[in-house]
Each structure stands twice: as C-alpha cells, then as structure tokens.
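Chemist: For reference, the file data-v2.cif (mmCIF, C-alpha atoms and all ligand atoms) is included below:
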```cif
data_entry
loop_
_atom_site.label_atom_id
_atom_site.label_comp_id
_atom_site.auth_asym_id
_atom_site.auth_seq_id
_atom_site.Cartn_x
_atom_site.Cartn_y
_atom_site.Cartn_z
CA MET A 1 19.47 54.19 -92.12
CA SER A 2 20.34 51.81 -89.34
CA GLY A 3 20.83 48.60 -91.24
CA LYS A 4 22.14 45.96 -88.92
CA VAL A 5 25.14 43.91 -89.83
CA GLY A 6 23.94 40.56 -91.04
CA GLU A 7 23.79 38.09 -93.85
CA LYS A 8 23.21 40.69 -96.49
CA MET A 9 26.54 42.45 -96.02
CA VAL A 10 29.69 41.14 -97.66
CA PRO A 11 31.63 39.04 -95.14
CA LEU A 12 34.91 40.69 -94.20
CA GLY A 13 36.67 37.32 -94.18
CA VAL A 14 35.83 36.75 -97.86
CA LEU A 15 37.26 40.14 -98.81
CA LEU A 16 40.45 39.68 -96.82
CA LYS A 17 41.00 36.16 -98.13
CA LYS A 18 40.78 37.53 -101.64
CA GLU A 19 43.30 40.19 -100.74
CA GLN A 20 45.73 37.70 -99.24
CA SER A 21 45.55 35.53 -102.33
CA GLY A 22 47.55 38.23 -104.07
CA GLU A 23 45.01 40.29 -105.93
CA ARG A 24 45.13 43.41 -103.83
CA MET A 25 48.11 43.18 -101.57
CA GLU A 26 49.21 46.67 -102.46
CA ARG A 27 48.18 49.42 -100.11
CA PRO A 28 46.77 52.60 -101.60
CA ASP A 29 48.36 56.01 -101.50
CA VAL A 30 46.35 58.31 -99.26
CA THR A 31 46.66 62.07 -99.88
CA HIS A 32 44.58 64.85 -98.39
CA GLY A 33 43.89 68.56 -98.43
CA GLN A 34 41.70 70.85 -96.38
CA ALA A 35 40.19 74.32 -96.55
CA ASN A 36 38.26 76.45 -94.08
CA GLN A 37 36.53 79.79 -93.92
CA SER A 38 35.81 80.68 -90.36
CA LYS A 39 32.93 82.63 -88.91
CA LYS A 40 32.86 81.50 -85.27
CA GLY A 41 36.12 79.55 -85.10
CA GLU A 42 34.35 76.41 -83.86
CA ASP A 43 35.35 73.98 -86.63
CA PHE A 44 38.40 71.82 -85.95
CA THR A 45 40.10 69.18 -88.07
CA MET A 46 42.47 66.36 -87.24
CA PHE A 47 44.84 64.31 -89.40
CA GLU A 48 46.88 61.37 -88.16
CA LEU A 49 48.80 59.64 -90.92
CA ASP A 50 50.64 56.34 -90.55
CA CYS A 51 49.30 55.42 -87.11
CA GLN A 52 50.76 52.03 -86.15
CA ARG A 53 48.26 49.26 -85.50
CA VAL A 54 51.03 47.18 -84.00
CA PRO A 55 53.53 49.43 -82.17
CA GLY A 56 56.89 49.37 -83.94
CA ASP A 57 55.47 47.89 -87.16
CA ASN A 58 55.61 50.38 -90.04
CA VAL A 59 53.69 48.12 -92.42
CA SER A 60 50.43 47.80 -90.49
CA THR A 61 49.49 51.46 -90.47
CA PHE A 62 46.22 53.32 -90.73
CA SER A 63 45.22 56.97 -91.16
CA VAL A 64 42.63 59.07 -89.39
CA PHE A 65 40.82 62.14 -90.70
CA ALA A 66 38.30 63.92 -88.50
CA LEU A 67 36.11 67.00 -88.47
CA PHE A 68 34.64 68.54 -85.31
CA ASP A 69 32.01 71.28 -85.74
CA GLY A 70 31.50 72.84 -82.32
CA HIS A 71 28.52 74.81 -81.02
CA ASN A 72 27.94 76.97 -77.93
CA GLY A 73 31.71 77.31 -77.66
CA SER A 74 34.65 75.22 -78.81
CA ALA A 75 35.56 73.27 -75.64
CA ALA A 76 33.83 70.03 -76.71
CA ALA A 77 35.37 70.15 -80.20
CA ILE A 78 38.88 70.72 -78.82
CA TYR A 79 38.46 68.06 -76.13
CA SER A 80 37.26 65.51 -78.70
CA LYS A 81 40.06 66.34 -81.10
CA GLU A 82 42.59 65.71 -78.32
CA ASN A 83 41.09 62.56 -76.79
CA LEU A 84 38.78 60.66 -79.12
CA LEU A 85 41.38 58.72 -81.11
CA ASN A 86 43.09 57.47 -77.94
CA ASN A 87 39.76 56.45 -76.46
CA VAL A 88 38.86 54.47 -79.59
CA ILE A 89 42.24 52.74 -79.86
CA SER A 90 42.32 51.81 -76.17
CA ALA A 91 39.00 49.97 -76.66
CA ILE A 92 40.69 47.55 -79.09
CA PRO A 93 42.67 44.66 -77.58
CA SER A 94 46.33 44.86 -78.61
CA ASP A 95 46.69 41.26 -79.78
CA LEU A 96 44.35 41.20 -82.78
CA SER A 97 45.06 40.12 -86.34
CA ARG A 98 44.29 42.61 -89.09
CA GLU A 99 40.90 41.02 -89.80
CA GLU A 100 39.99 41.10 -86.12
CA TRP A 101 41.18 44.69 -85.82
CA ILE A 102 39.01 45.87 -88.71
CA ARG A 103 36.09 43.88 -87.33
CA ALA A 104 36.59 45.38 -83.86
CA LEU A 105 36.60 48.98 -85.12
CA PRO A 106 32.82 49.65 -85.17
CA ARG A 107 32.44 48.61 -81.52
CA ALA A 108 35.61 50.40 -80.46
CA LEU A 109 34.31 53.58 -82.10
CA VAL A 110 31.07 53.35 -80.11
CA ALA A 111 32.99 52.82 -76.85
CA GLY A 112 35.44 55.63 -77.66
CA PHE A 113 32.69 58.16 -78.50
CA VAL A 114 30.76 57.37 -75.30
CA LYS A 115 33.89 57.53 -73.13
CA THR A 116 34.90 60.88 -74.63
CA ASP A 117 31.44 62.32 -73.98
CA LYS A 118 31.38 60.98 -70.42
CA ASP A 119 34.87 62.26 -69.59
CA PHE A 120 33.97 65.67 -71.02
CA GLN A 121 30.84 65.71 -68.86
CA GLU A 122 33.01 65.31 -65.76
CA LYS A 123 34.81 68.52 -66.70
CA ALA A 124 31.42 70.28 -66.41
CA HIS A 125 31.89 72.24 -69.60
CA THR A 126 28.98 73.41 -71.65
CA SER A 127 29.25 73.30 -75.48
CA GLY A 128 28.95 70.41 -77.88
CA THR A 129 30.38 69.19 -81.13
CA THR A 130 29.53 67.11 -84.17
CA VAL A 131 32.13 64.49 -85.04
CA THR A 132 32.90 62.87 -88.37
CA PHE A 133 35.69 60.39 -87.76
CA VAL A 134 37.24 58.48 -90.66
CA ILE A 135 39.71 55.60 -90.30
CA ILE A 136 41.43 54.35 -93.45
CA ASP A 137 43.27 51.02 -93.34
CA GLY A 138 44.34 49.90 -96.80
CA TRP A 139 41.20 49.90 -98.95
CA TYR A 140 38.94 49.73 -95.87
CA VAL A 141 37.20 52.93 -94.82
CA THR A 142 35.33 53.11 -91.49
CA VAL A 143 33.33 56.24 -90.67
CA ALA A 144 31.74 57.07 -87.31
CA SER A 145 29.60 60.16 -87.01
CA VAL A 146 27.35 62.17 -84.73
CA GLY A 147 25.63 65.36 -85.85
CA ASP A 148 25.16 66.88 -89.27
CA SER A 149 28.60 67.00 -90.84
CA ARG A 150 28.81 64.56 -93.71
CA CYS A 151 31.29 62.27 -95.39
CA ILE A 152 30.64 61.24 -98.98
CA LEU A 153 32.59 58.89 -101.20
CA GLU A 154 32.99 58.97 -104.93
CA SER A 155 34.28 55.64 -106.15
CA ALA A 156 36.67 55.53 -109.09
CA GLU A 157 33.72 54.10 -111.02
CA GLY A 158 31.95 57.44 -110.55
CA SER A 159 29.23 56.51 -108.05
CA ILE A 160 28.56 58.66 -105.00
CA TYR A 161 27.87 57.08 -101.59
CA SER A 162 26.95 58.63 -98.26
CA LEU A 163 28.98 57.22 -95.36
CA THR A 164 27.27 59.20 -92.56
CA ALA A 165 23.78 59.62 -91.12
CA ASP A 166 22.12 63.00 -90.66
CA HIS A 167 21.29 63.60 -86.99
CA ARG A 168 19.33 66.82 -87.54
CA LEU A 169 15.93 66.48 -85.88
CA GLU A 170 14.38 68.16 -88.92
CA VAL A 171 15.13 65.17 -91.16
CA ASN A 172 15.38 62.24 -88.75
CA GLU A 173 12.01 60.97 -87.54
CA GLU A 174 13.50 57.95 -85.80
CA GLU A 175 15.58 60.24 -83.61
CA VAL A 176 12.63 62.49 -82.81
CA GLU A 177 10.77 59.41 -81.57
CA ARG A 178 13.73 58.27 -79.48
CA ILE A 179 14.12 61.66 -77.78
CA THR A 180 10.41 62.03 -77.12
CA ALA A 181 10.31 58.54 -75.58
CA SER A 182 13.29 59.46 -73.37
CA GLY A 183 11.52 62.48 -71.95
CA GLY A 184 12.73 65.28 -74.23
CA GLU A 185 10.46 67.61 -76.13
CA VAL A 186 10.84 68.34 -79.81
CA GLY A 187 9.30 71.36 -81.49
CA ARG A 188 9.88 74.59 -83.38
CA LEU A 189 10.40 78.05 -81.96
CA ASN A 190 7.11 79.81 -81.40
CA THR A 191 6.95 83.51 -82.17
CA GLY A 192 4.18 83.92 -79.62
CA ALA A 193 1.33 84.30 -82.03
CA GLY A 194 1.21 80.58 -82.67
CA ALA A 195 3.47 80.87 -85.70
CA GLU A 196 6.24 78.28 -85.64
CA VAL A 197 9.56 79.16 -87.17
CA GLY A 198 12.89 77.52 -87.90
CA PRO A 199 13.98 73.89 -87.75
CA LEU A 200 12.84 71.27 -85.25
CA ARG A 201 14.70 71.62 -81.96
CA CYS A 202 15.02 69.65 -78.76
CA TRP A 203 13.82 71.35 -75.56
CA PRO A 204 15.09 72.41 -73.11
CA GLY A 205 18.14 73.85 -74.82
CA GLY A 206 16.90 74.29 -78.37
CA LEU A 207 19.51 72.08 -80.05
CA CYS A 208 18.74 71.07 -83.65
CA LEU A 209 20.80 67.87 -83.40
CA SER A 210 19.91 64.58 -81.72
CA ARG A 211 23.47 63.33 -81.30
CA SER A 212 26.73 65.02 -80.42
CA ILE A 213 29.63 64.88 -78.02
CA GLY A 214 29.06 67.28 -75.14
CA ASP A 215 25.77 69.20 -74.77
CA LEU A 216 25.30 67.76 -71.31
CA ASP A 217 23.51 70.92 -70.21
CA VAL A 218 20.96 70.30 -72.95
CA GLY A 219 19.75 66.81 -72.03
CA GLU A 220 21.29 63.37 -71.77
CA TYR A 221 19.11 61.99 -74.54
CA ILE A 222 21.36 63.97 -76.88
CA VAL A 223 23.63 60.92 -77.12
CA PRO A 224 27.18 60.38 -78.40
CA VAL A 225 26.52 56.90 -79.86
CA PRO A 226 27.77 57.22 -83.45
CA HIS A 227 26.39 55.95 -86.71
CA VAL A 228 29.11 53.65 -88.08
CA LYS A 229 29.61 52.51 -91.63
CA GLN A 230 32.44 50.35 -92.93
CA VAL A 231 33.16 49.81 -96.62
CA LYS A 232 35.88 48.43 -98.82
CA LEU A 233 36.87 50.33 -101.93
CA SER A 234 37.84 48.60 -105.13
CA SER A 235 41.52 48.66 -106.01
CA ALA A 236 40.77 51.64 -108.27
CA GLY A 237 40.25 53.75 -105.12
CA GLY A 238 38.07 56.81 -104.65
CA ARG A 239 37.72 60.27 -103.15
CA LEU A 240 36.24 61.20 -99.75
CA VAL A 241 34.75 64.63 -99.09
CA ILE A 242 34.23 65.43 -95.39
CA SER A 243 32.49 68.76 -94.75
CA SER A 244 30.62 70.66 -92.08
CA ASP A 245 27.02 71.78 -92.60
CA GLY A 246 28.27 75.12 -93.94
CA VAL A 247 29.13 73.27 -97.15
CA TRP A 248 26.11 70.97 -97.29
CA ASP A 249 23.64 73.81 -96.71
CA ALA A 250 24.90 75.23 -100.01
CA LEU A 251 25.95 72.25 -102.11
CA SER A 252 24.50 68.85 -102.92
CA SER A 253 26.85 65.86 -102.80
CA GLU A 254 26.92 65.79 -106.59
CA ALA A 255 27.70 69.52 -106.84
CA ALA A 256 30.55 69.21 -104.35
CA ILE A 257 32.11 66.32 -106.29
CA GLU A 258 31.58 67.97 -109.68
CA CYS A 259 32.97 71.42 -108.85
CA CYS A 260 36.46 70.09 -108.11
CA ARG A 261 36.71 67.16 -110.49
CA GLY A 262 40.29 66.43 -111.58
CA MET A 263 41.85 68.74 -108.98
CA PRO A 264 44.36 67.51 -106.38
CA PRO A 265 42.96 67.31 -102.83
CA ASP A 266 44.16 70.71 -101.57
CA ALA A 267 42.75 72.61 -104.55
CA ALA A 268 39.58 70.51 -104.43
CA ALA A 269 38.89 71.35 -100.78
CA ASN A 270 39.48 75.04 -101.52
CA GLN A 271 37.15 74.93 -104.49
CA ILE A 272 34.33 73.29 -102.51
CA VAL A 273 34.54 75.88 -99.70
CA LYS A 274 34.73 78.70 -102.25
CA GLU A 275 31.64 77.45 -104.12
CA ALA A 276 29.66 77.05 -100.89
CA VAL A 277 30.52 80.52 -99.64
CA GLN A 278 29.80 82.09 -103.03
CA LEU A 279 26.36 80.50 -103.08
CA LYS A 280 25.19 81.15 -99.53
CA GLY A 281 27.67 83.64 -98.08
CA LEU A 282 29.79 82.95 -95.00
CA ARG A 283 26.95 82.26 -92.57
CA ASP A 284 28.69 79.55 -90.60
CA ASP A 285 32.09 77.95 -90.24
CA THR A 286 32.68 76.22 -93.54
CA THR A 287 35.25 73.43 -93.55
CA CYS A 288 36.15 70.75 -96.08
CA ILE A 289 38.61 67.85 -96.06
CA VAL A 290 39.27 65.96 -99.29
CA VAL A 291 41.02 62.58 -99.13
CA ASP A 292 42.14 60.70 -102.24
CA ILE A 293 42.69 56.95 -101.90
CA GLN A 294 44.59 55.83 -104.98
CA PRO A 295 46.39 52.81 -106.38
CA PRO A 296 50.07 53.24 -105.47
CA GLU A 297 51.40 53.55 -109.02
CA LYS A 298 49.27 56.56 -109.90
CA THR A 299 50.38 60.05 -109.01
CA THR A 300 47.65 62.12 -110.66
CA PRO A 301 44.06 62.17 -109.36
CA THR A 302 42.29 58.89 -110.00
CA VAL A 303 38.86 60.33 -109.76
CA PRO A 304 37.76 60.13 -113.37
CA PRO A 305 37.51 63.46 -115.17
CA THR A 306 34.13 62.51 -116.59
CA LYS A 307 31.35 60.48 -115.14
CA LYS A 308 30.33 57.32 -116.86
CA SER A 309 26.72 56.80 -115.96
CA GLY A 310 24.14 57.41 -113.29
CA LYS A 311 24.94 61.12 -113.23
CA GLY A 312 23.36 62.87 -110.31
CA MET A 313 22.19 59.62 -108.78
CA PHE A 314 22.94 58.49 -105.28
CA LYS A 315 24.10 54.94 -105.57
CA MET A 316 22.78 52.25 -103.30
CA PHE A 317 25.27 49.80 -101.94
CA ARG A 318 25.43 46.49 -103.62
CA ARG A 319 24.64 43.89 -101.03
CA LYS A 320 25.48 40.30 -101.50
CA SER A 321 22.91 37.74 -100.51
CA CYS A 322 24.40 34.69 -98.87
CA GLU A 323 21.00 33.15 -98.41
CA SER A 324 20.45 32.18 -102.01
CA SER A 325 22.37 28.99 -102.59
CA SER A 326 22.12 29.30 -106.36
CA HIS A 327 24.94 31.83 -106.27
CA THR A 328 27.48 29.42 -104.83
CA ASP A 329 29.97 29.78 -107.63
CA LYS A 330 29.84 33.53 -107.25
CA GLU A 331 30.62 33.35 -103.54
CA ASN A 332 34.30 34.06 -104.00
CA PHE A 333 33.86 36.62 -106.72
CA VAL A 334 34.64 40.13 -105.55
CA PRO A 335 33.48 42.63 -108.14
CA ASP A 336 35.27 45.89 -108.74
CA THR A 337 32.86 48.03 -106.76
CA VAL A 338 32.49 49.46 -103.28
CA GLU A 339 31.52 46.71 -100.84
CA GLU A 340 29.53 47.44 -97.69
CA ILE A 341 30.81 45.46 -94.71
CA PHE A 342 29.04 47.02 -91.71
CA GLU A 343 26.44 49.64 -90.91
CA ASP A 344 24.62 50.37 -87.65
CA GLY A 345 23.11 53.63 -86.51
CA SER A 346 21.18 52.48 -83.45
CA ALA A 347 21.39 54.67 -80.33
CA ILE A 348 21.06 51.65 -78.02
CA LEU A 349 24.37 50.88 -76.33
CA SER A 350 23.63 47.23 -75.48
CA ARG A 351 22.98 46.50 -79.15
CA ARG A 352 26.11 48.30 -80.29
CA LEU A 353 28.41 46.51 -77.85
CA GLU A 354 26.75 43.13 -78.08
CA THR A 355 28.53 39.86 -77.44
CA GLU A 356 28.21 38.60 -81.00
CA TYR A 357 31.86 38.56 -81.90
CA PRO A 358 32.94 35.57 -83.90
CA ILE A 359 36.73 35.87 -83.78
CA CYS A 360 37.54 36.63 -80.17
CA ASN A 361 36.02 38.44 -77.24
CA MET A 362 37.14 42.03 -77.48
CA PHE A 363 35.50 42.87 -74.20
CA LYS A 364 37.20 41.41 -71.16
CA LEU A 365 35.28 40.24 -68.11
CA PHE A 366 36.77 42.64 -65.58
CA ILE A 367 37.30 45.69 -67.77
CA CYS A 368 34.53 48.20 -68.49
CA ALA A 369 33.58 47.98 -72.18
CA VAL A 370 33.25 51.77 -72.41
CA CYS A 371 35.90 53.41 -70.23
CA GLN A 372 38.29 50.41 -69.99
CA VAL A 373 38.64 50.83 -66.24
CA GLU A 374 39.49 47.65 -64.31
CA MET A 375 36.68 46.31 -62.15
CA LYS A 376 36.58 44.00 -59.17
CA PRO A 377 34.84 40.66 -59.75
CA GLY A 378 31.12 41.17 -59.31
CA GLU A 379 31.32 44.92 -59.78
CA GLY A 380 30.60 44.96 -63.51
CA ILE A 381 27.03 45.32 -64.74
CA SER A 382 26.03 43.52 -67.93
CA VAL A 383 24.92 45.86 -70.73
CA HIS A 384 22.01 43.44 -71.04
CA ALA A 385 21.03 43.76 -67.38
CA ASP A 386 17.71 45.32 -68.37
CA SER A 387 17.39 43.57 -71.69
CA SER A 388 13.93 43.41 -73.15
CA LYS A 389 14.96 40.51 -75.36
CA PRO A 390 15.02 37.53 -73.01
CA GLY A 391 16.30 34.32 -74.51
CA ARG A 392 18.78 35.79 -76.89
CA VAL A 393 21.05 37.51 -74.41
CA ARG A 394 20.95 36.87 -70.73
CA PRO A 395 21.32 39.57 -68.09
CA TRP A 396 24.60 38.00 -66.98
CA ASP A 397 26.13 37.95 -70.47
CA GLY A 398 28.91 40.41 -71.19
CA PRO A 399 30.17 42.88 -72.07
CA PHE A 400 30.16 44.59 -68.70
CA LEU A 401 30.09 48.22 -67.65
CA CYS A 402 31.47 49.89 -64.54
CA PRO A 403 28.78 51.45 -62.29
CA SER A 404 29.59 54.92 -63.60
CA CYS A 405 29.21 53.91 -67.28
CA GLN A 406 26.02 52.03 -66.39
CA THR A 407 24.63 55.28 -64.96
CA LYS A 408 25.60 57.02 -68.21
CA LYS A 409 23.84 54.28 -70.22
CA GLU A 410 20.64 54.68 -68.21
CA ALA A 411 20.75 58.45 -68.67
CA MET A 412 21.11 58.07 -72.45
CA GLU A 413 18.09 55.77 -72.47
CA GLY A 414 16.04 58.25 -70.48
CA LYS A 415 15.85 55.93 -67.46
CA ARG A 416 16.84 58.46 -64.86
CA PRO A 417 15.30 61.83 -64.19
CA GLN A 418 16.98 64.78 -65.86
CA LYS A 419 19.05 66.93 -63.59
ZN ZN A 501 33.18 52.50 -67.37
#
```
Could you spell out this file's structure in structure tokens?

Modeler:
Amino acid sequence: MSGKVGEKMVPLGVLLKKEQSGERMERPDVTHGQANQSKKGEDFTMFELDCQRVPGDNVSTFSVFALFDGHNGSAAAIYSKENLLNNVISAIPSDLSREEWIRALPRALVAGFVKTDKDFQEKAHTSGTTVTFVIIDGWYVTVASVGDSRCILESAEGSIYSLTADHRLEVNEEEVERITASGGEVGRLNTGAGAEVGPLRCWPGGLCLSRSIGDLDVGEYIVPVPHVKQVKLSSAGGRLVISSDGVWDALSSEAAIECCRGMPPDAAANQIVKEAVQLKGLRDDTTCIVVDIQPPEKTTPTVPPTKKSGKGMFKMFRRKSCESSSHTDKENFVPDTVEEIFEDGSAILSRRLETEYPICNMFKLFICAVCQVEMKPGEGISVHADSSKPGRVRPWDGPFLCPSCQTKKEAMEGKRPQK
C-alpha cells in the first residue's frame, strides 16, 4: 500500500507538457452533493470551491472536499475542519508554478496534518478524528487520509480505484508492527474467560485505528501522517465517492457506485446513505460526499450508465515503466486512462519530507518544515538527524524542524517514553 514515488509512476512533467500542448487545456466542471444520517453527530464535512492558488487570480483555482469522522467527542473533527486547509496551504511556498504546486502538495499535506495534530494537542483536548482530504486542481486529484473513511474513484471508463489506505488495525499488519515497535500493545478485548472479542485495538485506550488527528490521550504512536495518493483523470472525468465507515461497513465500493449510477451528485449521495442504512441500520454516523469531475461541455452525469467491462473488479493502476528503453516512442503518449503520479503511505516523517525535490526547495533553511515557524540559525534540527541510512542523506541535510516539532517526531517514532 505504501508504494514510493519513483520511476514506475508517470512523471508529472510529461502529463503537464501534454496538457500545455493544447490537448487538455480545458478545466473540468466540478459538482458535488452530500448526505448524512447522524447517530452521534461526530461526522463533519467541508467544501471549499474555487480556492485561489495565486491570490487574486481566478483562473488558477482548486477545490477541496473533506470528511472528518470524529470519535470520543467532536472537538478534533471540528478543529481539523477549521484549521487543516490553512496548515496545508501555508506549507507551500507562494511563488510556485502550477507544476511545482501540484508536486509540492503531497509533502504539504503531510506537514499540514502533523501541524494540525500538534496544535490540537496543545489545546489538551481528548477526542480524535479520521480525515479524508481531497484536493482537485483541473484533472489532478490528490487525496490525503488517516483512519478508515474511504475515497473511491470511478473513471469515465468504468474502472473503480481506491485513493485511500485503510488504517484499521484489523486489516493493516504493517501498522500493527509499527505500533508494537513503538511501544504500544495491540490486541482484542478479553471477556475474562480467555475469549477474545471484537476488532484489534491499540492499548492503552482501545482505539481500532492506527492513524488519526487527535487521540493524544491514547498514545503518540497513533500518528497523523497521512497516506497520500495523487492521480490524473482522463479528460472524460470521473466520479469520487467519499464516505465514512458507516457506509463502507454496509456497502462494497462496487455496490456504492452501482446503486446511484446515472444520478446527479446530490441524489447519488442520498441514495448511497439510504442503501447503507437500509442494509445495516443506523449504527454509526453515516456520511457520503459525491463529486463529479466532468468535461466542461457536458451538463448531465458523465459516469456511464452501464459498465463496459471488468464488472466488480478493482482496477490496478497502470504504471508506466521508464526503465525499458524499447518504449521510447511511447514516452509521450498519454492514454485515456487514470494515471498514478504519486503514492506514499509511510508513517516515517523524515521519508515523507525528504529533500528530494527536483524543481525547487520547498523547505526553507530557517523555517520549520512542519509548523512553518521561523527559527534562529543553528536552532533547526534536520529531520535526518537520527537517520539510519547514512550515505544517502546526511544528518545536516534539510528540511529542518523546530525543537518542538522534533519532539513531536520522536514521540511519533516511539523514541520518548509515553506520558
Ligand atoms: Zn515546528
């Protein structure tokens, strides 16, 4: 699940060059709808349409759709809804080109999630929240997620893709290993007679998730570092379905897509929530956001009324191999499918903020890469200070963290005793 960006992904520069050469200059229409049936009132949604990438420029806009599913109270969900977008945007330098901006997003999302979690910690609130955070810029979709809400994509070609990772301990062995290594304990509830019941949980606290924003009373190895995936849709567009676990406990991805086929986004979101509640009852907050990304000339849903092939199949991303030189004449060919540009789900901050940044250095020398606070020369601590990979990055290579964010990093890695 944590494929690292590398040669196998489609280079962003190739896609943008193609776009600039006139093939796909048009920006898609983005329409959305949402529905919710509330049990605890801990699900929150956020929509920001036409955010300006360059202040004052109405052409370079992007949209944000987010879902926050809170637990043990709603403070973390509300705090994230109010602060996360600002924290992400302030991690991106203001002087970037569009290509650089899209390329900077995955790292800015990591910094913004960690800053939001850290700031919330200072408010000493209990409670936590899952976050599914979707940024749409033209045909580019970038999704950052912690927890067990999900975002799926149906391309206009009829294939279904998952854009999120599942951070439930029950299904994520890698995360169980990480938490155990950091000093947490993972196990099921014990009825007392040796009979174990329910899903895998992290102890102390009993949380079923390995990542969230908040939950600082539970253990700092419950980290806010998001899984990030960035894709480019074909010019035929597609439909996103973003839902909390209340929907996914009842419906498969295919069932959710099928039950609302051909409906506009508002009706589609309603239908998905209705189907989920009919099947399992209202056992949890059940929230759904549907976003249609369509070619500008079309006004009716583009999602095809019937599926062509591969029904019920989860489609794997097509990855382009740059290593095989025999495909040289295909290098500039961009097929009409969803292209994967970036994916990384690692919980390790130094890897997620690493220096490898071919266009420009988005992390400045005297500004903390996470909280953006200004630092005095010599005050910053390299994220690689304790690197176990000597040779590749040196302990004095940037980006740098302020002492307070360095403490947070060590806590997330289990390097300081739990309070
Ligand atoms: Zn900092």

Chemist: Enumerate as a VMD selection string the residues within 10 Å of ligand ZN 501 (chain A), counting all atoms listed in the file.

Modeler: chain A and resid 111 114 to 115 118 367 to 375 380 to 381 400 to 409

Chemist: Have a look at atom CA of Val146 of chain A and atom CA of His227 of chain A and let me know their distance in Å, one decimal.

Modeler: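 Answer for the atom CA of Val146 of chain A to atom CA of His227 of chain A separation: 6.6 Å.
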
Chemist: I'd like to know which of A:Asn72, A:Ser80, A:Thr142, A:Thr31 is closest to Gln230 of chain A, using all atoms listed in the file.

Modeler: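 Smallest distance to Gln230 of chain A is found for A:Thr142.
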
Chemist: Between atom CA of Arg239 of chain A and atom CA of Phe133 of chain A, what distance in Å does the model show, to one decimal?

Modeler: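 Between these atoms lies a distance of 15.5 Å.
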
Chemist: Restricting the calculation to all atoms listed in the file: of A:Cys51, A:Ile293, A:Ala347, A:Leu96, which residue gets closest to Ser210 of chain A?

Modeler: A:Ala347

Chemist: Kindly indicate which residue among A:Gly70, A:Gly138, A:Gly205, A:Gly345 lies nearest to Ile102 of chain A, using only C-alpha atoms for the distances.

Modeler: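 Closest residue, counting only C-alpha atoms: A:Gly138.
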
Chemist: May I ask for the distance between atom CA of Ile152 of chain A and atom CA of Ile242 of chain A, given in Å to one decimal place?

Modeler: 6.6 Å

Chemist: A:Lys39, A:Lys229, A:Arg178, A:Arg53: which is nearest Thr132 of chain A, counting only C-alpha atoms?

Modeler: A:Lys229

Chemist: Considering only C-alpha atoms, state which residue in the set A:Leu84, A:Leu109, A:Leu240, A:Val171 is at the smallest distance from Ser159 of chain A.

Modeler: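 Between A:Leu84, A:Leu109, A:Leu240, A:Val171, the residue approaching Ser159 of chain A most closely is A:Leu240.
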
Chemist: For Glu122 of chain A, which residue out of A:Asp217, A:Glu100, A:Glu173, A:Glu343 is the nearest one, using all atoms listed in the file?

Modeler: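 Comparing A:Asp217, A:Glu100, A:Glu173, A:Glu343 against Glu122 of chain A, the winner is A:Asp217.
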
Chemist: Taking (39.9, 47.7, -105.3) in the coordinates of the supplied file, I want to know which residues reach to within 8 Å of it, counting all atoms listed in the file; could you give the answer as a list of chain:residue names?

Modeler: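 I get A:Arg24, A:Trp139, A:Lys232, A:Leu233, A:Ser234, A:Ser235, A:Ala236, A:Gly237, A:Asp336, A:Thr337, A:Val338 for the residues within 8 Å of that point.
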
Chemist: Find the spatial neighbours of Phe47 of chain A, counting only C-alpha atoms, within a cut-off of 7 Å - ignore same-chain residues fewer than 2 positions away - and output them as a ChimeraX atom specification.

Modeler: /A:45,49,64-66
